[in-house]
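A.B. asks: What follows is input-v8.pdb; its format and atoms are PDB, C-alpha atoms.
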ATOM      1  CA  MET G  14      19.593  38.846  42.779
ATOM      2  CA  LEU G  15      21.875  36.930  45.144
ATOM      3  CA  ARG G  16      20.463  34.227  47.419
ATOM      4  CA  GLY G  17      21.892  32.468  50.434
ATOM      5  CA  ILE G  18      22.846  28.869  49.717
ATOM      6  CA  ASN G  19      20.034  26.477  50.727
ATOM      7  CA  LYS G  20      17.982  29.555  51.687
ATOM      8  CA  GLN G  21      20.548  30.310  54.384
ATOM      9  CA  GLN G  22      20.321  33.620  56.204
ATOM     10  CA  ILE G  23      22.878  36.106  54.889
ATOM     11  CA  PHE G  24      22.309  38.980  57.304
ATOM     12  CA  GLU G  25      22.098  38.098  60.992
ATOM     13  CA  ASP G  26      22.292  41.694  62.258
ATOM     14  CA  ASP G  27      22.712  45.320  61.172
ATOM     15  CA  GLU G  28      26.502  45.014  61.181
ATOM     16  CA  ASP G  29      26.277  42.387  58.424
ATOM     17  CA  CYS G  30      24.140  44.700  56.278
ATOM     18  CA  GLU G  31      26.439  47.651  56.873
ATOM     19  CA  LYS G  32      29.472  45.568  55.938
ATOM     20  CA  PHE G  33      27.807  44.460  52.699
ATOM     21  CA  LEU G  34      27.160  48.092  51.764
ATOM     22  CA  TRP G  35      30.829  48.911  52.338
ATOM     23  CA  VAL G  36      31.701  45.976  50.074
ATOM     24  CA  LEU G  37      29.444  47.470  47.394
ATOM     25  CA  LYS G  38      31.234  50.797  47.772
ATOM     26  CA  ASP G  39      34.651  49.167  47.401
ATOM     27  CA  THR G  40      33.682  46.991  44.432
ATOM     28  CA  LYS G  41      32.072  49.944  42.656
ATOM     29  CA  GLU G  42      35.420  51.692  42.720
ATOM     30  CA  GLN G  43      37.226  48.587  41.460
ATOM     31  CA  SER G  44      34.747  47.385  38.845
ATOM     32  CA  GLY G  45      33.467  50.771  37.694
ATOM     33  CA  TYR G  46      29.760  49.837  37.670
ATOM     34  CA  LYS G  47      26.839  52.138  38.442
ATOM     35  CA  LEU G  48      24.578  51.150  41.350
ATOM     36  CA  LEU G  49      21.015  52.375  40.768
ATOM     37  CA  ALA G  50      19.207  50.503  43.546
ATOM     38  CA  TYR G  51      19.623  47.880  46.243
ATOM     39  CA  CYS G  52      17.650  46.123  48.952
ATOM     40  CA  LEU G  53      19.118  43.743  51.529
ATOM     41  CA  MET G  54      16.612  41.172  52.777
ATOM     42  CA  GLY G  55      17.094  38.238  55.129
ATOM     43  CA  ASN G  56      18.533  35.615  52.827
ATOM     44  CA  HIS G  57      18.654  37.438  49.514
ATOM     45  CA  ILE G  58      19.856  40.679  47.945
ATOM     46  CA  HIS G  59      18.421  42.770  45.106
ATOM     47  CA  LEU G  60      20.792  44.960  43.093
ATOM     48  CA  LEU G  61      20.099  47.174  40.076
ATOM     49  CA  ILE G  62      23.443  47.592  38.339
ATOM     50  CA  LYS G  63      24.579  49.344  35.160
ATOM     51  CA  VAL G  64      27.604  47.432  33.879
ATOM     52  CA  GLU G  65      30.429  49.522  32.487
ATOM     53  CA  LYS G  66      34.034  48.336  32.827
ATOM     54  CA  GLU G  67      33.626  44.708  33.969
ATOM     55  CA  PRO G  68      30.964  42.017  33.262
ATOM     56  CA  LEU G  69      28.466  40.942  35.897
ATOM     57  CA  GLU G  70      30.309  37.681  36.541
ATOM     58  CA  GLN G  71      33.448  39.555  37.607
ATOM     59  CA  ILE G  72      31.462  42.079  39.648
ATOM     60  CA  PHE G  73      29.688  39.384  41.654
ATOM     61  CA  LYS G  74      32.900  37.453  42.084
ATOM     62  CA  ARG G  75      34.418  40.523  43.728
ATOM     63  CA  ILE G  76      31.340  41.159  45.888
ATOM     64  CA  GLY G  77      31.090  37.540  47.007
ATOM     65  CA  GLY G  78      34.793  37.160  47.682
ATOM     66  CA  LYS G  79      35.027  40.229  49.904
ATOM     67  CA  PHE G  80      31.820  39.708  51.877
ATOM     68  CA  VAL G  81      32.005  35.934  52.347
ATOM     69  CA  TYR G  82      35.600  36.147  53.599
ATOM     70  CA  TRP G  83      34.537  38.640  56.274
ATOM     71  CA  HIS G  84      31.296  36.786  57.083
ATOM     72  CA  ASN G  85      33.037  33.431  57.556
ATOM     73  CA  ILE G  86      35.567  34.922  59.962
ATOM     74  CA  LYS G  87      32.836  36.642  61.987
ATOM     75  CA  TYR G  88      30.671  33.530  62.286
ATOM     76  CA  GLN G  89      33.539  31.021  62.441
ATOM     77  CA  ARG G  90      32.262  29.116  59.441
ATOM     78  CA  ILE G  91      33.734  27.802  56.201
ATOM     79  CA  GLY G  92      32.379  27.257  52.715
ATOM     80  CA  HIS G  93      29.940  29.017  50.424
ATOM     81  CA  LEU G  94      27.399  31.586  51.586
ATOM     82  CA  PHE G  95      25.711  32.397  48.263
ATOM     83  CA  GLN G  96      24.156  30.118  45.675
ATOM     84  CA  ASP G  97      26.638  29.324  42.908
ATOM     85  CA  ARG G  98      24.989  31.577  40.349
ATOM     86  CA  PHE G  99      23.350  34.971  40.742
ATOM     87  CA  LYS G 100      20.003  35.473  39.017
ATOM     88  CA  SER G 101      19.770  38.365  36.568
ATOM     89  CA  GLU G 102      17.829  39.830  33.672
ATOM     90  CA  PRO G 103      18.496  42.774  31.340
ATOM     91  CA  VAL G 104      16.715  46.116  31.695
ATOM     92  CA  GLU G 105      16.334  47.517  28.209
ATOM     93  CA  ASP G 106      14.139  50.617  28.506
ATOM     94  CA  ASP G 107      13.308  53.395  30.964
ATOM     95  CA  SER G 108       9.830  52.072  31.684
ATOM     96  CA  TYR G 109      11.072  48.701  32.889
ATOM     97  CA  LEU G 110      13.980  50.380  34.690
ATOM     98  CA  LEU G 111      11.483  52.267  36.844
ATOM     99  CA  THR G 112       9.434  49.107  37.396
ATOM    100  CA  VAL G 113      12.496  47.230  38.649
ATOM    101  CA  LEU G 114      13.484  50.168  40.857
ATOM    102  CA  ARG G 115      10.030  50.237  42.486
ATOM    103  CA  TYR G 116       9.963  46.446  42.827
ATOM    104  CA  ILE G 117      13.268  46.546  44.716
ATOM    105  CA  HIS G 118      12.203  49.360  47.039
ATOM    106  CA  GLN G 119       8.814  47.794  47.772
ATOM    107  CA  ASN G 120      10.223  44.361  48.633
ATOM    108  CA  PRO G 121      10.153  44.979  52.413
ATOM    109  CA  VAL G 122       6.624  46.431  52.227
ATOM    110  CA  LYS G 123       5.246  43.490  50.254
ATOM    111  CA  ALA G 124       7.012  41.132  52.664
ATOM    112  CA  LYS G 125       5.192  42.992  55.497
ATOM    113  CA  ILE G 126       8.435  43.946  57.225
ATOM    114  CA  CYS G 127       7.420  47.606  57.216
ATOM    115  CA  LYS G 128       4.417  49.686  56.235
ATOM    116  CA  ASN G 129       6.136  52.262  54.019
ATOM    117  CA  VAL G 130       9.175  52.114  51.723
ATOM    118  CA  GLU G 131      10.883  54.937  53.630
ATOM    119  CA  ASP G 132      10.778  52.928  56.856
ATOM    120  CA  TYR G 133      13.186  50.230  55.690
ATOM    121  CA  LYS G 134      16.773  50.927  56.705
ATOM    122  CA  PHE G 135      18.674  48.788  54.196
ATOM    123  CA  SER G 136      17.370  49.808  50.791
ATOM    124  CA  SER G 137      18.464  52.577  48.448
ATOM    125  CA  TYR G 138      15.192  54.513  48.798
ATOM    126  CA  ARG G 139      16.560  56.851  51.473
ATOM    127  CA  GLU G 140      19.555  57.713  49.292
ATOM    128  CA  TYR G 141      17.186  59.061  46.647
ATOM    129  CA  ILE G 142      15.322  61.341  49.021
ATOM    130  CA  GLY G 143      18.333  62.990  50.603
ATOM    131  CA  ASN G 144      20.969  60.703  52.121
ATOM    132  CA  LYS G 145      23.008  59.836  49.037
ATOM    133  CA  TRP G 146      26.068  57.667  49.685
ATOM    134  CA  ILE G 147      26.810  54.805  47.279
ATOM    135  CA  VAL G 148      23.858  54.951  44.863
ATOM    136  CA  ASP G 149      24.096  56.716  41.500
ATOM    137  CA  THR G 150      20.815  58.614  41.737
ATOM    138  CA  ASP G 151      21.297  61.132  38.920
ATOM    139  CA  PHE G 152      19.939  58.993  36.080
ATOM    140  CA  ILE G 153      16.617  58.279  37.800
ATOM    141  CA  LEU G 154      16.231  61.816  39.136
ATOM    142  CA  ASP G 155      16.747  63.145  35.615
ATOM    143  CA  ILE G 156      13.640  61.168  34.627
ATOM    144  CA  MET G 157      11.465  62.286  37.556
ATOM    145  CA  SER G 158      11.582  64.784  40.392
ATOM    146  CA  ILE G 159      12.056  63.672  44.004
ATOM    147  CA  GLU G 160       8.344  64.251  44.685
ATOM    148  CA  GLN G 161       7.388  62.162  41.647
ATOM    149  CA  PHE G 162       9.879  59.537  42.816
ATOM    150  CA  LYS G 163       8.204  59.347  46.248
ATOM    151  CA  VAL G 164       4.738  58.986  44.757
ATOM    152  CA  PHE G 165       5.828  56.402  42.186
ATOM    153  CA  ASN G 166       7.613  54.223  44.747
ATOM    154  CA  SER G 167       4.579  54.259  47.043
ATOM    155  CA  GLU G 168       1.975  53.305  44.418
ATOM    156  CA  ASP G 169       0.104  50.023  44.749
ATOM    157  CA  ASN G 170       1.068  47.641  41.960
ATOM    158  CA  SER G 171       1.483  44.018  40.966
ATOM    159  CA  ASP G 172       5.070  44.350  39.711
ATOM    160  CA  LYS G 173       6.972  41.085  39.278
ATOM    161  CA  CYS G 174      10.568  40.995  38.166
ATOM    162  CA  LEU G 175      13.052  38.243  37.297
ATOM    163  CA  GLU G 176      10.118  36.327  35.788
ATOM    164  CA  MET G 177       8.984  34.903  39.127
ATOM    165  CA  GLU G 178       7.721  36.213  42.417
ATOM    166  CA  ASP G 179      10.280  36.063  45.182
ATOM    167  CA  LYS G 180       8.986  33.762  47.920
ATOM    168  CA  SER G 181      12.152  33.361  49.952
ATOM    169  CA  PHE G 182      12.443  34.261  53.615
ATOM    170  CA  VAL G 183      12.709  37.894  54.622
ATOM    171  CA  ARG G 184      14.700  39.671  57.288
ATOM    172  CA  LEU G 185      12.417  39.783  60.326
ATOM    173  CA  THR G 186      12.650  42.469  62.975
ATOM    174  CA  ASP G 187      13.170  41.407  66.596
ATOM    175  CA  GLU G 188       9.581  42.406  67.384
ATOM    176  CA  GLN G 189       8.271  40.151  64.617
ATOM    177  CA  ALA G 190      10.567  37.351  65.810
ATOM    178  CA  LYS G 191       9.319  37.745  69.403
ATOM    179  CA  ARG G 192       5.710  37.408  68.265
ATOM    180  CA  ILE G 193       6.525  34.255  66.296
ATOM    181  CA  ILE G 194       8.327  32.717  69.286
ATOM    182  CA  GLU G 195       5.468  33.546  71.645
ATOM    183  CA  MET G 196       2.746  32.296  69.281
ATOM    184  CA  SER G 197       4.623  29.055  68.561
ATOM    185  CA  SER G 198       5.929  28.136  72.018
ATOM    186  CA  GLY G 199       3.693  30.120  74.343
ATOM    187  CA  CYS G 200       6.818  31.635  75.947
ATOM    188  CA  SER G 201       6.900  35.404  76.359
ATOM    189  CA  ASN G 202      10.562  35.587  77.396
ATOM    190  CA  ALA G 203      13.836  33.644  77.443
ATOM    191  CA  SER G 204      13.356  32.438  81.042
ATOM    192  CA  GLU G 205      10.102  30.724  80.124
ATOM    193  CA  PHE G 206      11.670  29.133  77.051
ATOM    194  CA  GLN G 207      14.522  27.760  79.151
ATOM    195  CA  GLN G 208      12.013  25.871  81.308
ATOM    196  CA  LEU G 209      10.758  23.806  78.341
ATOM    197  CA  SER G 210      11.872  20.220  77.906
ATOM    198  CA  GLU G 211      14.838  19.604  75.614
ATOM    199  CA  CYS G 212      12.552  17.808  73.178
ATOM    200  CA  ASP G 213      10.181  20.787  73.000
ATOM    201  CA  LYS G 214      13.071  23.216  72.592
ATOM    202  CA  GLU G 215      14.423  21.279  69.625
ATOM    203  CA  GLU G 216      10.995  21.156  67.987
ATOM    204  CA  TYR G 217      10.539  24.922  68.343
ATOM    205  CA  LEU G 218      14.061  25.736  67.197
ATOM    206  CA  ASN G 219      13.446  23.845  63.991
ATOM    207  CA  GLU G 220      10.117  25.656  63.570
ATOM    208  CA  PHE G 221      11.777  29.057  64.089
ATOM    209  CA  LYS G 222      14.258  28.221  61.339
ATOM    210  CA  ASN G 223      11.439  27.376  58.918
ATOM    211  CA  LYS G 224       9.693  30.660  59.725
ATOM    212  CA  GLY G 225      12.751  32.732  58.812
ATOM    213  CA  LEU G 226      14.169  33.778  62.185
ATOM    214  CA  SER G 227      17.927  34.283  62.125
ATOM    215  CA  ILE G 228      20.311  32.284  64.322
ATOM    216  CA  ARG G 229      21.275  35.349  66.342
ATOM    217  CA  GLN G 230      17.637  36.344  66.870
ATOM    218  CA  VAL G 231      16.696  32.894  68.154
ATOM    219  CA  SER G 232      19.732  32.751  70.431
ATOM    220  CA  ARG G 233      19.156  36.260  71.746
ATOM    221  CA  LEU G 234      15.414  35.889  72.329
ATOM    222  CA  THR G 235      15.338  32.324  73.724
ATOM    223  CA  GLY G 236      18.590  32.199  75.688
ATOM    224  CA  VAL G 237      19.735  29.098  73.758
ATOM    225  CA  SER G 238      23.421  29.231  72.858
ATOM    226  CA  PHE G 239      24.388  30.372  69.364
ATOM    227  CA  GLY G 240      26.206  27.095  68.728
ATOM    228  CA  LEU G 241      23.196  24.974  69.624
ATOM    229  CA  VAL G 242      20.771  27.036  67.536
ATOM    230  CA  ARG G 243      23.136  26.834  64.596
ATOM    231  CA  LYS G 244      22.830  23.025  64.542
ATOM    232  CA  PHE G 245      19.260  23.463  63.313
ATOM    233  CA  TYR G 246      20.220  25.805  60.433
TER     234      TYR G 246
END
Kindly present the structure from the file in structure tokens form.
C.D. replies:
Amino acid sequence: MLRGINKQQIFEDDEDCEKFLWVLKDTKEQSGYKLLAYCLMGNHIHLLIKVEKEPLEQIFKRIGGKFVYWHNIKYQRIGHLFQDRFKSEPVEDDSYLLTVLRYIHQNPVKAKICKNVEDYKFSSYREYIGNKWIVDTDFILDIMSIEQFKVFNSEDNSDKCLEMEDKSFVRLTDEQAKRIIEMSSGCSNASEFQQLSECDKEEYLNEFKNKGLSIRQVSRLTGVSFGLVRKFY
């Protein structure tokens, strides 16, 4: 698991997620690892990797170097994006392998981003059921059929991996962000938000940060400039 430094948002929009997946594709070819599952959330990333040619430290160095370089240019920022050290644990048998796989795919459901695992755009679930691209699906689908896979990944459970429940912020949809903005500020659109006092705006911007809205979402939905919103993140 990779986290944003200081719980910082990693993915501001779909382009960021798509770029990260291309980075995974490139680093797979360089490092020779197998990618069994992934899920990209707001400020953290889950990866299920089978190490082969290179150790995890080298793999994550490649991933971080490629993505952070691109991300910093796009957002005109400098410095680290990820926490210094990734968090990992070994998977030593098929039973726990399947548990970790389901935990990763159900992250968006348990975070209440979507109702069903198949609804989330940036996880590996869809690759298993027919849109294979960068995930090495053969090992899992040798253990169970696609129909068994669908049932297993939809089952209610209390799975917890990496020894602690993940309580970090999640990637909110624009609809979820709009509801948070309206419930907090009483403003149903950007024009109404612009009519607030500067003091009120600052208070709400800080609140939106604490509730997990991304900088681009807040700027887009409130009409406040990207640069000003960023001062609160």
A.B. asks: Using all atoms listed in the file, which residues sit within 8 Å of segment 63-76 of chain G once same-chain residues fewer than 5 positions away are excluded, as a list of chain:residue names?
C.D. replies: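 Those residues are G:Val36, G:Leu37, G:Thr40, G:Ser44, G:Gly45, G:Tyr46, G:Lys47, G:Leu48, G:Leu49, G:Phe99.
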A.B. asks: Can you tell me which residues surround Lys123 of chain G at a distance of at most 12 Å, considering only C-alpha atoms, apart from same-chain residues fewer than 2 positions away, and format the answer as a list in words?
C.D. replies: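 Within the cut-off, the hits are Met54, Arg115, Tyr116, Ile117, His118, Gln119, Asn120, Pro121, Lys125, Ile126, Cys127, Lys128, Asn129, Val130, Tyr133, Ser167, Glu168, Asp169, Asn170, Ser171, Asp172, Lys173, Glu178, Asp179, Lys180 and Val183 of chain G.
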A.B. asks: Give me, as an mmCIF file with C-alpha atoms, keeping the file's coordinate frame, all polymer residues having an atom no more than 10 Å from segment 193-204 of chain G, counting all atoms listed in the file and skipping those fewer than 3 positions away in the same chain.
C.D. replies:
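File around-v2.cif, as written:
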data_model
loop_
_atom_site.group_PDB
_atom_site.id
_atom_site.type_symbol
_atom_site.label_atom_id
_atom_site.label_comp_id
_atom_site.auth_asym_id
_atom_site.auth_seq_id
_atom_site.Cartn_x
_atom_site.Cartn_y
_atom_site.Cartn_z
ATOM 1 C CA ASP G 187 13.170 41.407 66.596
ATOM 2 C CA GLU G 188 9.581 42.406 67.384
ATOM 3 C CA GLN G 189 8.271 40.151 64.617
ATOM 4 C CA ALA G 190 10.567 37.351 65.810
ATOM 5 C CA GLN G 207 14.522 27.760 79.151
ATOM 6 C CA GLN G 208 12.013 25.871 81.308
ATOM 7 C CA LEU G 209 10.758 23.806 78.341
ATOM 8 C CA ASP G 213 10.181 20.787 73.000
ATOM 9 C CA LYS G 214 13.071 23.216 72.592
ATOM 10 C CA GLU G 216 10.995 21.156 67.987
ATOM 11 C CA TYR G 217 10.539 24.922 68.343
ATOM 12 C CA LEU G 218 14.061 25.736 67.197
ATOM 13 C CA GLU G 220 10.117 25.656 63.570
ATOM 14 C CA PHE G 221 11.777 29.057 64.089
ATOM 15 C CA LYS G 224 9.693 30.660 59.725
ATOM 16 C CA GLY G 225 12.751 32.732 58.812
ATOM 17 C CA LEU G 226 14.169 33.778 62.185
ATOM 18 C CA VAL G 231 16.696 32.894 68.154
ATOM 19 C CA SER G 232 19.732 32.751 70.431
ATOM 20 C CA ARG G 233 19.156 36.260 71.746
ATOM 21 C CA LEU G 234 15.414 35.889 72.329
ATOM 22 C CA THR G 235 15.338 32.324 73.724
ATOM 23 C CA GLY G 236 18.590 32.199 75.688
ATOM 24 C CA VAL G 237 19.735 29.098 73.758
#
A.B. asks: Given the file above and the PyMOL selection byres ((chain G and resi 142-144) around 12), which residues are selected, and can you give them as a list in words?
C.D. replies: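 So the PyMOL selection byres ((chain G and resi 142-144) around 12) ends up selecting Val130, Glu131, Lys134, Ser136, Ser137, Tyr138, Arg139, Glu140, Tyr141, Lys145, Trp146, Ile147, Val148, Asp149, Thr150, Asp151, Ile153, Leu154, Ser158, Ile159, Glu160, Gln161, Phe162, Lys163, Val164 and Asn166 of chain G.
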A.B. asks: Centre and edge lengths, as AutoDock Vina command-line options, for the axis-aligned box enclosing every listed atom of segment 197-207 of chain G with 5 Å of padding on each of the six sides, in Å to one decimal?
C.D. replies:
--center_x 9.1 --center_y 31.7 --center_z 74.8 --size_x 20.8 --size_y 17.8 --size_z 22.5
A.B. asks: Figure out the distance between atom CA of Leu53 of chain G and atom CA of Phe135 of chain G, please, to one decimal in Å.
C.D. replies: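 Distance reported for this atom pair: 5.7 Å.
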A.B. asks: Measuring atom to atom with all atoms listed in the file, identify which of G:Ile58, G:Trp83, G:Asn223, G:Lys38 is nearest to Phe245 of chain G.
C.D. replies: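 Between G:Ile58, G:Trp83, G:Asn223, G:Lys38, the residue approaching Phe245 of chain G most closely is G:Asn223.
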A.B. asks: Mind giving me the straight-line distance from atom CA of Val104 of chain G to atom CA of Val81 of chain G in Å, one decimal?
C.D. replies: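 Going from atom CA of Val104 of chain G over to atom CA of Val81 of chain G covers 27.6 Å.
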